[in-house]
$ cat final13.cif   # mmCIF, C-alpha atoms and all ligand atoms
data_final
#
loop_
_atom_site.label_atom_id
_atom_site.label_comp_id
_atom_site.auth_asym_id
_atom_site.auth_seq_id
_atom_site.Cartn_x
_atom_site.Cartn_y
_atom_site.Cartn_z
CA MET M 73 -17.78 186.35 -37.85
CA ALA M 74 -20.27 184.37 -39.91
CA MET M 75 -22.44 182.17 -37.74
CA LEU M 76 -22.98 178.65 -38.99
CA PRO M 77 -26.24 176.91 -38.17
CA LYS M 78 -25.80 175.43 -34.70
CA THR M 79 -27.15 172.02 -35.62
CA VAL M 80 -24.61 171.33 -38.34
CA PHE M 81 -21.55 171.09 -36.17
CA ALA M 82 -23.13 170.69 -32.75
CA ALA M 83 -21.28 168.03 -30.80
CA ARG M 84 -23.47 165.39 -29.21
CA ASN M 85 -24.21 165.70 -25.56
CA SER M 86 -23.68 162.78 -23.21
CA ILE M 87 -24.74 161.82 -19.71
CA LYS M 88 -22.04 161.91 -17.04
CA SER M 89 -24.09 161.10 -13.96
CA LEU M 90 -27.65 160.88 -12.64
CA ARG M 91 -28.35 161.44 -8.97
CA THR M 92 -30.99 162.43 -6.44
CA GLY M 93 -30.88 164.00 -3.02
CA VAL M 94 -33.09 165.57 -0.38
CA GLN M 95 -33.11 169.33 0.04
CA PRO M 96 -34.45 171.43 2.95
CA GLY M 97 -38.25 171.56 2.91
CA ASN M 98 -38.38 167.84 2.01
CA LYS M 99 -37.65 168.68 -1.61
CA THR M 100 -36.41 166.07 -3.99
CA ARG M 101 -33.46 167.17 -6.04
CA LEU M 102 -32.74 165.42 -9.32
CA VAL M 103 -29.42 166.20 -10.97
CA VAL M 104 -28.55 165.29 -14.56
CA GLU M 105 -24.88 165.91 -15.26
CA THR M 106 -23.93 166.29 -18.92
CA SER M 107 -20.78 166.97 -20.93
CA LEU M 108 -22.34 169.96 -22.77
CA ARG M 109 -24.90 172.57 -21.76
CA PRO M 110 -28.18 170.61 -21.87
CA SER M 111 -31.09 171.65 -24.05
CA TYR M 112 -34.21 170.05 -22.64
CA SER M 113 -37.95 169.95 -22.19
CA LEU M 114 -40.01 168.37 -19.43
CA SER M 115 -43.15 166.27 -19.50
CA TYR M 116 -45.23 164.69 -16.76
CA PRO M 117 -46.82 161.37 -17.66
CA GLN M 118 -48.61 159.48 -14.84
CA ASN M 119 -46.30 159.42 -11.78
CA GLN M 120 -43.28 160.24 -13.90
CA LEU M 121 -41.05 163.16 -14.61
CA VAL M 122 -39.54 162.88 -18.09
CA ILE M 123 -36.60 165.03 -19.15
CA ASN M 124 -36.15 165.13 -22.93
CA LEU M 125 -32.57 166.03 -23.78
CA SER M 126 -31.91 167.21 -27.33
CA ASN M 127 -28.99 165.80 -29.31
CA THR M 128 -27.96 163.43 -26.56
CA SER M 129 -26.91 159.77 -26.55
CA ALA M 130 -27.81 157.26 -23.88
CA ASN M 131 -24.96 156.22 -21.62
CA THR M 132 -25.82 152.87 -20.08
CA SER M 133 -22.61 152.79 -18.08
CA VAL M 134 -24.08 155.51 -15.84
CA THR M 135 -25.78 153.98 -12.81
CA PRO M 136 -28.17 156.42 -11.13
CA SER M 137 -27.24 157.25 -7.56
CA LEU M 138 -30.53 157.40 -5.68
CA ALA M 139 -30.79 158.84 -2.19
CA SER M 140 -33.41 157.48 0.18
CA GLY M 141 -36.37 159.63 1.17
CA THR M 142 -36.90 161.27 -2.24
CA LEU M 143 -39.88 161.02 -4.59
CA VAL M 144 -37.75 159.25 -7.21
CA LYS M 145 -38.04 155.43 -7.23
CA SER M 146 -35.92 154.77 -10.28
CA ILE M 147 -34.33 156.50 -13.26
CA THR M 148 -34.04 155.01 -16.73
CA GLN M 149 -32.67 156.25 -20.02
CA LYS M 150 -34.54 155.81 -23.30
CA GLN M 151 -33.19 156.85 -26.70
CA VAL M 152 -35.88 158.34 -28.93
CA GLY M 153 -34.21 159.25 -32.20
CA ASP M 154 -31.93 162.17 -31.55
CA LYS M 155 -33.32 162.74 -28.09
CA LEU M 156 -32.57 161.01 -24.86
CA GLN M 157 -35.38 160.64 -22.37
CA ILE M 158 -34.44 160.51 -18.71
CA ILE M 159 -37.47 158.91 -17.08
CA ALA M 160 -37.81 159.34 -13.34
CA SER M 161 -40.50 157.10 -11.82
CA LEU M 162 -42.07 158.78 -8.83
CA THR M 163 -43.70 157.53 -5.66
CA LYS M 164 -46.21 160.39 -5.83
CA PRO M 165 -47.47 162.66 -8.59
CA ILE M 166 -45.93 166.12 -8.90
CA ASP M 167 -47.14 169.36 -10.44
CA ALA M 168 -45.45 170.80 -13.50
CA LEU M 169 -42.21 172.45 -12.43
CA ASP M 170 -41.95 176.22 -12.37
CA LYS M 171 -38.84 177.71 -13.86
CA ASN M 172 -37.60 178.73 -10.43
CA GLN M 173 -37.42 175.02 -9.57
CA ILE M 174 -35.01 174.43 -12.42
CA MET M 175 -31.47 175.57 -13.03
CA ILE M 176 -28.47 174.78 -15.15
CA LEU M 177 -25.13 174.98 -13.39
CA GLU M 178 -21.89 175.67 -15.18
CA PRO M 179 -19.02 173.19 -14.90
CA ASN M 180 -16.83 173.64 -11.83
CA GLY M 181 -13.85 171.76 -10.42
CA ASP M 182 -15.72 168.53 -9.65
CA ASN M 183 -18.64 168.61 -12.05
CA GLU M 184 -19.60 169.21 -15.64
CA TYR M 185 -22.88 170.89 -16.66
CA ARG M 186 -25.74 170.04 -14.33
CA LEU M 187 -29.46 170.31 -14.92
CA VAL M 188 -30.91 170.57 -11.42
CA LEU M 189 -34.61 170.01 -10.73
CA ASP M 190 -36.17 170.52 -7.29
CA PHE M 191 -39.72 169.39 -6.55
CA VAL M 192 -42.16 168.21 -3.91
CA ALA M 193 -45.22 165.97 -4.06
CA GLY M 194 -48.02 167.81 -5.84
CA SER M 195 -51.76 167.86 -5.58
CA GLY M 196 -51.74 165.56 -8.57
CA ALA M 197 -55.04 167.11 -9.58
CA GLY M 198 -53.39 169.79 -11.62
CA THR M 199 -50.78 167.52 -13.11
CA ALA M 200 -52.74 166.09 -16.00
CA LYS M 201 -54.17 169.48 -16.89
CA LYS M 202 -50.82 171.20 -16.81
CA ALA M 203 -49.18 168.43 -18.79
CA SER M 204 -51.76 168.63 -21.53
CA ASN M 205 -51.42 172.41 -21.63
CA GLN M 206 -47.70 172.06 -22.00
CA SER M 207 -47.81 169.53 -24.78
CA SER M 208 -50.05 171.82 -26.81
CA ALA M 209 -47.93 174.88 -26.04
CA SER M 210 -45.52 174.46 -28.89
CA ASN M 211 -48.01 174.23 -31.71
CA ASN M 212 -51.18 175.82 -30.48
CA SER M 213 -51.98 179.50 -30.62
CA SER M 214 -54.09 179.22 -27.48
CA ALA M 215 -50.93 178.47 -25.51
CA LYS M 216 -50.01 180.43 -22.40
CA LYS M 217 -48.86 183.92 -23.21
CA TYR M 218 -45.52 184.78 -21.75
CA ILE M 219 -45.54 187.99 -19.78
CA VAL M 220 -42.98 190.69 -20.40
CA VAL M 221 -42.72 193.83 -18.30
CA ILE M 222 -41.09 196.72 -20.14
CA ASP M 223 -39.59 199.40 -17.97
CA ALA M 224 -38.93 202.78 -19.57
CA GLY M 225 -36.23 204.25 -17.34
CA HIS M 226 -36.60 207.55 -15.45
CA GLY M 227 -39.63 209.83 -16.05
CA GLY M 228 -41.31 212.85 -14.52
CA LYS M 229 -38.92 214.92 -12.41
CA ASP M 230 -36.07 212.55 -13.33
CA PRO M 231 -35.10 213.15 -16.98
CA GLY M 232 -32.24 210.62 -17.00
CA CYS M 233 -29.32 211.76 -19.11
CA ILE M 234 -29.66 214.62 -21.55
CA GLY M 235 -28.09 214.82 -25.02
CA LYS M 236 -26.09 217.72 -26.37
CA ASN M 237 -29.12 218.82 -28.37
CA GLY M 238 -31.45 218.46 -25.44
CA THR M 239 -32.83 214.95 -26.00
CA LYS M 240 -33.99 213.49 -22.71
CA GLU M 241 -33.38 209.83 -21.91
CA LYS M 242 -36.85 209.53 -20.31
CA THR M 243 -38.51 210.59 -23.58
CA VAL M 244 -36.52 208.34 -25.91
CA VAL M 245 -36.91 205.22 -23.78
CA LEU M 246 -40.66 205.76 -23.33
CA SER M 247 -41.07 206.01 -27.08
CA VAL M 248 -39.12 202.78 -27.59
CA ALA M 249 -41.04 201.10 -24.74
CA ARG M 250 -44.42 201.91 -26.30
CA LYS M 251 -43.35 200.61 -29.70
CA LEU M 252 -41.91 197.51 -28.07
CA LYS M 253 -45.14 196.81 -26.21
CA ALA M 254 -47.19 197.05 -29.41
CA LYS M 255 -44.86 194.74 -31.27
CA LEU M 256 -44.51 192.16 -28.50
CA ASP M 257 -48.28 192.00 -28.07
CA ALA M 258 -48.63 191.57 -31.84
CA ASN M 259 -46.18 188.67 -31.57
CA GLY M 260 -48.28 186.77 -29.04
CA PHE M 261 -46.74 188.02 -25.80
CA LYS M 262 -48.58 189.86 -23.05
CA SER M 263 -46.59 192.91 -22.15
CA TYR M 264 -47.00 195.66 -19.60
CA LEU M 265 -45.28 199.02 -19.20
CA THR M 266 -44.07 200.14 -15.79
CA ARG M 267 -44.96 203.67 -16.89
CA SER M 268 -46.97 204.68 -19.94
CA GLY M 269 -46.55 208.43 -19.48
CA ASP M 270 -44.03 210.97 -18.25
CA THR M 271 -44.27 209.92 -14.63
CA TYR M 272 -41.72 209.41 -11.88
CA LEU M 273 -41.59 205.92 -10.47
CA LYS M 274 -39.24 204.55 -7.85
CA LEU M 275 -36.95 201.72 -8.85
CA ALA M 276 -38.42 199.32 -6.31
CA ALA M 277 -41.90 200.12 -7.61
CA ARG M 278 -40.77 199.19 -11.11
CA ALA M 279 -39.34 195.89 -9.92
CA ALA M 280 -42.54 195.27 -7.94
CA ILE M 281 -44.61 195.61 -11.12
CA GLY M 282 -42.63 192.69 -12.54
CA GLU M 283 -43.54 190.67 -9.45
CA LYS M 284 -47.18 191.73 -9.42
CA ARG M 285 -47.68 190.89 -13.09
CA LYS M 286 -45.92 187.55 -12.52
CA ALA M 287 -43.67 188.48 -15.40
CA ASP M 288 -41.54 185.92 -17.19
CA LEU M 289 -39.11 188.59 -18.30
CA PHE M 290 -38.28 192.15 -17.22
CA ILE M 291 -36.62 194.56 -19.65
CA SER M 292 -35.45 197.96 -18.45
CA LEU M 293 -34.72 200.47 -21.20
CA HIS M 294 -32.17 203.25 -20.86
CA ALA M 295 -29.84 205.42 -22.87
CA ASN M 296 -26.35 206.26 -21.84
CA ALA M 297 -24.10 209.27 -21.44
CA ASN M 298 -20.35 209.29 -21.38
CA PRO M 299 -17.85 212.07 -20.63
CA SER M 300 -16.27 211.16 -23.95
CA ARG M 301 -18.54 212.46 -26.70
CA SER M 302 -17.03 209.95 -29.12
CA MET M 303 -18.24 206.95 -27.07
CA LYS M 304 -20.98 205.08 -28.94
CA GLY M 305 -23.02 201.92 -28.89
CA PHE M 306 -25.45 199.80 -26.91
CA SER M 307 -24.56 197.78 -23.82
CA ILE M 308 -26.46 195.14 -21.87
CA TYR M 309 -26.42 194.52 -18.14
CA THR M 310 -27.68 191.92 -15.71
CA LEU M 311 -27.91 192.12 -11.94
CA SER M 312 -24.97 191.25 -9.81
CA GLU M 313 -24.00 192.42 -6.35
CA LYS M 314 -20.51 193.02 -7.68
CA ALA M 315 -19.95 195.05 -10.84
CA SER M 316 -18.03 193.36 -13.65
CA ASP M 317 -15.94 196.50 -14.16
CA GLU M 318 -15.59 200.04 -12.87
CA GLU M 319 -17.60 201.51 -15.71
CA ALA M 320 -20.49 199.15 -14.99
CA GLN M 321 -20.42 200.16 -11.33
CA LYS M 322 -20.47 203.85 -12.25
CA LEU M 323 -23.41 203.25 -14.53
CA ALA M 324 -25.32 201.37 -11.84
CA ASP M 325 -24.58 204.20 -9.38
CA ALA M 326 -25.92 206.71 -11.90
CA GLU M 327 -29.06 204.68 -12.67
CA ASN M 328 -29.66 203.92 -8.98
CA ALA M 329 -29.23 207.57 -8.07
CA ALA M 330 -32.79 208.24 -9.20
CA ASP M 331 -33.92 206.53 -6.01
CA LYS M 332 -31.67 208.17 -3.45
CA ILE M 333 -34.76 209.94 -2.10
CA ASP M 334 -36.21 206.75 -0.69
CA VAL M 335 -33.55 204.18 -0.06
CA SER M 336 -35.28 202.59 2.93
CA GLY M 337 -38.22 201.38 0.85
CA PHE M 338 -35.89 199.72 -1.56
CA GLU M 339 -33.80 198.08 1.13
CA GLN M 340 -36.90 196.62 2.73
CA PHE M 341 -38.17 195.34 -0.60
CA SER M 342 -34.81 193.92 -1.44
CA LYS M 343 -34.70 192.16 1.93
CA ASP M 344 -38.14 190.67 1.38
CA ILE M 345 -37.04 189.34 -1.96
CA ARG M 346 -33.89 187.89 -0.46
CA ILE M 347 -35.92 186.07 2.16
CA ALA M 348 -38.47 184.87 -0.37
CA LEU M 349 -35.87 183.38 -2.66
CA SER M 350 -33.62 180.48 -1.80
CA SER M 351 -30.07 180.82 -3.00
CA LEU M 352 -30.89 178.14 -5.54
CA GLN M 353 -33.72 180.23 -6.97
CA GLN M 354 -31.55 183.34 -6.99
CA HIS M 355 -29.00 181.40 -8.95
CA ALA M 356 -31.65 180.23 -11.40
CA VAL M 357 -32.89 183.80 -11.95
CA ALA M 358 -29.33 184.97 -12.53
CA GLU M 359 -28.69 182.15 -15.02
CA MET M 360 -31.84 182.93 -16.97
CA SER M 361 -31.07 186.65 -17.01
CA GLU M 362 -27.62 185.89 -18.33
CA GLU M 363 -29.06 183.69 -21.04
CA TYR M 364 -31.56 186.37 -22.07
CA ALA M 365 -28.90 189.09 -22.04
CA ASN M 366 -26.56 187.08 -24.24
CA GLY M 367 -29.37 186.42 -26.72
CA CYS M 368 -30.21 190.10 -26.64
CA ALA M 369 -26.62 191.09 -27.48
CA ARG M 370 -26.73 188.64 -30.40
CA ALA M 371 -30.00 190.13 -31.64
CA PHE M 372 -28.64 193.70 -31.47
CA LYS M 373 -25.51 192.71 -33.36
CA GLY M 374 -27.70 190.84 -35.85
CA GLN M 375 -29.51 194.13 -36.54
CA LYS M 376 -26.12 195.78 -37.07
CA ILE M 377 -26.64 198.13 -34.14
CA THR M 378 -23.37 199.62 -32.95
CA GLN M 379 -22.06 197.96 -29.81
CA GLN M 380 -20.10 199.78 -27.13
CA PRO M 381 -16.60 198.26 -26.93
CA GLY M 382 -16.40 195.61 -24.23
CA PRO M 383 -18.05 192.32 -23.34
CA ASP M 384 -21.53 191.39 -24.65
CA VAL M 385 -22.99 191.33 -21.16
CA ARG M 386 -21.82 193.24 -18.10
CA HIS M 387 -22.99 193.01 -14.52
CA ALA M 388 -23.73 195.57 -11.88
CA PRO M 389 -26.02 196.07 -8.86
CA PHE M 390 -28.95 197.76 -10.61
CA ALA M 391 -31.77 198.31 -8.12
CA VAL M 392 -34.46 197.99 -10.78
CA LEU M 393 -33.39 194.41 -11.57
CA ARG M 394 -33.67 193.19 -7.98
CA SER M 395 -36.59 190.79 -8.12
CA THR M 396 -37.51 187.19 -8.75
CA VAL M 397 -38.06 187.96 -12.44
CA PRO M 398 -35.22 187.25 -14.87
CA GLY M 399 -34.29 190.29 -16.88
CA ALA M 400 -31.77 192.75 -18.17
CA LEU M 401 -31.11 196.45 -18.40
CA LEU M 402 -30.47 197.68 -21.93
CA GLU M 403 -28.53 200.87 -22.58
CA LEU M 404 -29.75 201.49 -26.12
CA GLY M 405 -27.04 203.94 -27.13
CA HIS M 406 -25.27 207.13 -26.12
CA LEU M 407 -27.18 210.41 -25.98
CA SER M 408 -23.84 212.09 -25.30
CA ASN M 409 -22.79 211.23 -28.85
CA ALA M 410 -24.27 213.56 -31.46
CA THR M 411 -24.75 210.83 -34.08
CA GLU M 412 -26.44 208.46 -31.68
CA GLU M 413 -28.56 211.22 -30.19
CA LYS M 414 -29.95 211.81 -33.67
CA LEU M 415 -30.43 208.07 -34.23
CA LEU M 416 -32.16 207.53 -30.89
CA ASN M 417 -34.61 210.27 -31.81
CA SER M 418 -35.41 208.78 -35.20
CA SER M 419 -38.40 206.55 -35.63
CA ALA M 420 -36.52 204.29 -38.05
CA HIS M 421 -33.76 203.59 -35.54
CA GLN M 422 -36.23 203.12 -32.69
CA ASN M 423 -37.99 200.51 -34.84
CA LYS M 424 -34.69 198.79 -35.46
CA LEU M 425 -34.05 198.63 -31.70
CA VAL M 426 -37.56 197.29 -31.15
CA ASP M 427 -37.07 194.62 -33.83
CA ALA M 428 -33.86 193.49 -32.12
CA ILE M 429 -35.52 193.30 -28.70
CA VAL M 430 -38.55 191.43 -30.08
CA LYS M 431 -36.16 188.97 -31.68
CA SER M 432 -34.33 188.51 -28.39
CA VAL M 433 -37.60 187.83 -26.56
CA LYS M 434 -38.77 185.37 -29.21
CA SER M 435 -35.50 183.44 -29.07
CA TYR M 436 -35.41 183.36 -25.26
CA ASN M 437 -36.18 179.95 -23.79
CA PHE M 438 -39.01 180.80 -21.39
CA ASP M 439 -39.45 177.21 -20.27
CA VAL M 440 -36.02 176.84 -18.72
ZN ZN M 501 -30.99 205.56 -17.41
#
$ encode --input "final13.cif" --output "structure tokens"
Amino acid sequence: MAMLPKTVFAARNSIKSLRTGVQPGNKTRLVVETSLRPSYSLSYPQNQLVINLSNTSANTSVTPSLASGTLVKSITQKQVGDKLQIIASLTKPIDALDKNQIMILEPNGDNEYRLVLDFVAGSGAGTAKKASNQSSASNNSSAKKYIVVIDAGHGGKDPGCIGKNGTKEKTVVLSVARKLKAKLDANGFKSYLTRSGDTYLKLAARAAIGEKRKADLFISLHANANPSRSMKGFSIYTLSEKASDEEAQKLADAENAADKIDVSGFEQFSKDIRIALSSLQQHAVAEMSEEYANGCARAFKGQKITQQPGPDVRHAPFAVLRSTVPGALLELGHLSNATEEKLLNSSAHQNKLVDAIVKSVKSYNFDV
């Protein structure tokens, strides 16, 4: 289907409600409920938190519902051209919000879309500095570099799946990972490889590299095998405790099998992560991963790369994705299919895959 530019027919967003509440840990929660998925940016003028909503009209009939004991004194709406500013006046300065303090919730029975921001009083000292960094981020090459960790699946004693003509998954994905790193770095990102050679690395260790590097995005690269030699195409997965379908579960079992040797280490790591993350943060990471994965599927299709039949994004409990870093696992194609085995080995096709992934990273909204 031909995609029309989004802006041409985009319906205008509108405010449904504005409210605050207190969360455990004396956090202030600010909720902006909107009719459509909000597209926003944040700024931090003196003792204010300003949410700039794109393509949104003011709705003066909405009276903010303000809980007592929060940092928010008042909330006002200000139309600035196409944008609506939601200005929260604060009793104390706050630091710039990290993405794990922000989430967008899907509509449910009682609510429409909700942009949810959680924050506490900040040092204030860093506020001005962070705000000025942020404002220059969009048009200044000295802006913060987003960090991407690229994980080439398998390696060393674990070859991954093997094609009919002997191509090893571990070799193909490492080659793509190296090319991807070079191209992402050339595009202004800072990327790291979990492995740069033919080495074996446990799944938890790969996820831990994402944490250690404070990555903004984690991309795990794999290639697939299917009992049916005719099965072709890429597929994209995000983490979920429950698989979206039986095939996704089987795939996760196969990919996780690499770690069967040391399950206890993984379980401990996974537990630490669970404790470290509130359910709200886990939800935010899942939302961001989903957003990245959908953009990635679009980018692959845009490059005319064959897609495996099925939904754009599937979900399964992949051990390598268990962390606080948003990310996805990409099955780049089927080594069990002779045509795709040949393609996956070719430099031209690897470059095409890399171009699609670079595009997906560039279009990902890191600030959400
Ligand atoms: Zn694999």
$ closest_residue --input "final13.cif" --among "M:Gly141, M:Pro383, M:Gly232, M:Pro179" --to "ligand ZN 501 (chain M)" --atoms "only C-alpha atoms and all ligand atoms"
M:Gly232
$ closest_residue --input "final13.cif" --among "M:Arg101, M:Lys424, M:Arg370, M:Arg278" --to "Phe191 of chain M" --atoms "all atoms listed in the file"
M:Arg101
$ atom_distance --input "final13.cif" --atom1 "atom CA of Ser133 of chain M" --atom2 "atom CA of Ile158 of chain M"
14.1 Å
$ closest_atom_pairs --input "final13.cif" --of "chain M" --to "ligand ZN 501 (chain M)" --cutoff "8 Å" --atoms "all atoms listed in the file" --output "JSON lines"
{"residue": "M:Gly225", "atom": "CA", "partner": "M:ZN501", "partner_atom": "ZN", "distance": 5.4}
{"residue": "M:His226", "atom": "CA", "partner": "M:ZN501", "partner_atom": "ZN", "distance": 6.3}
{"residue": "M:Gly232", "atom": "CA", "partner": "M:ZN501", "partner_atom": "ZN", "distance": 5.2}
{"residue": "M:Cys233", "atom": "CA", "partner": "M:ZN501", "partner_atom": "ZN", "distance": 6.6}
{"residue": "M:Glu241", "atom": "CA", "partner": "M:ZN501", "partner_atom": "ZN", "distance": 6.6}
{"residue": "M:Lys242", "atom": "CA", "partner": "M:ZN501", "partner_atom": "ZN", "distance": 7.6}
{"residue": "M:Leu293", "atom": "CA", "partner": "M:ZN501", "partner_atom": "ZN", "distance": 7.4}
{"residue": "M:His294", "atom": "CA", "partner": "M:ZN501", "partner_atom": "ZN", "distance": 4.3}
{"residue": "M:Ala295", "atom": "CA", "partner": "M:ZN501", "partner_atom": "ZN", "distance": 5.6}
{"residue": "M:Asn296", "atom": "CA", "partner": "M:ZN501", "partner_atom": "ZN", "distance": 6.5}
{"residue": "M:Ala326", "atom": "CA", "partner": "M:ZN501", "partner_atom": "ZN", "distance": 7.6}
{"residue": "M:Glu327", "atom": "CA", "partner": "M:ZN501", "partner_atom": "ZN", "distance": 5.2}
{"residue": "M:Glu403", "atom": "CA", "partner": "M:ZN501", "partner_atom": "ZN", "distance": 7.4}
$ residues_around --input "final13.cif" --residues "Ser268 of chain M" --least-positions-apart "5" --cutoff "10 Å" --atoms "only C-alpha atoms" --output "ChimeraX atom specification"
/M:222-224,227,246-247,249-250
$ write_last_selection --input "final13.cif" --atoms "C-alpha atoms" --output "JSON list (two decimals), in the frame of the given file"
[["chain", "number", "residue", "atom", "x", "y", "z"],
["M", 222, "ILE", "CA", -41.09, 196.72, -20.14],
["M", 223, "ASP", "CA", -39.59, 199.40, -17.97],
["M", 224, "ALA", "CA", -38.93, 202.78, -19.57],
["M", 227, "GLY", "CA", -39.63, 209.83, -16.05],
["M", 246, "LEU", "CA", -40.66, 205.76, -23.33],
["M", 247, "SER", "CA", -41.07, 206.01, -27.08],
["M", 249, "ALA", "CA", -41.04, 201.10, -24.74],
["M", 250, "ARG", "CA", -44.42, 201.91, -26.30]]
$ closest_residue --input "final13.cif" --among "M:Ala280, M:Ala258, M:Ile159, M:Val248" --to "Ser395 of chain M" --atoms "all atoms listed in the file"
M:Ala280
$ closest_residue --input "final13.cif" --among "M:Leu108, M:Ala279, M:Ala391, M:Ile377" --to "Ser307 of chain M" --atoms "all atoms listed in the file"
M:Ile377
$ atom_distance --input "final13.cif" --atom1 "atom CA of Ser115 of chain M" --atom2 "atom CA of Ser140 of chain M"
23.7 Å
$ atom_distance --input "final13.cif" --atom1 "atom CA of Thr411 of chain M" --atom2 "atom CA of Pro231 of chain M"
20.1 Å
$ closest_residue --input "final13.cif" --among "M:Ser113, M:Asn409, M:Asn237, M:Ser418" --to "Leu169 of chain M" --atoms "all atoms listed in the file"
M:Ser113
$ closest_residue --input "final13.cif" --among "M:Pro110, M:Gly382, M:Ser432, M:His387" --to "Met175 of chain M" --atoms "only C-alpha atoms"
M:Pro110
$ axis_aligned_box --input "final13.cif" --around "segment 150-160 of chain M" --padding-each-side "4 Å" --output "JSON"
{"center_x": -34.9, "center_y": 159.3, "center_z": -22.8, "size_x": 13.9, "size_y": 14.9, "size_z": 26.9}
$ residues_around --input "final13.cif" --residues "Gly153 of chain M" --least-positions-apart "6" --cutoff "12 Å" --atoms "only C-alpha atoms" --output "MDAnalysis selection string"
chainID M and resid 124:130
$ residues_around --input "final13.cif" --residues "Tyr364 of chain M" --least-positions-apart "3" --cutoff "12 Å" --atoms "only C-alpha atoms" --output "PyMOL selection string"
chain M and resi 288-291+308-310+357-361+367-371+384-385+397-402+429-438+440
$ residues_around --input "final13.cif" --residues "Gly405 of chain M" --least-positions-apart "5" --cutoff "9 Å" --atoms "all atoms listed in the file" --output "MDAnalysis selection string"
chainID M and resid 294:297 304:307 378:380 412:413 415:416
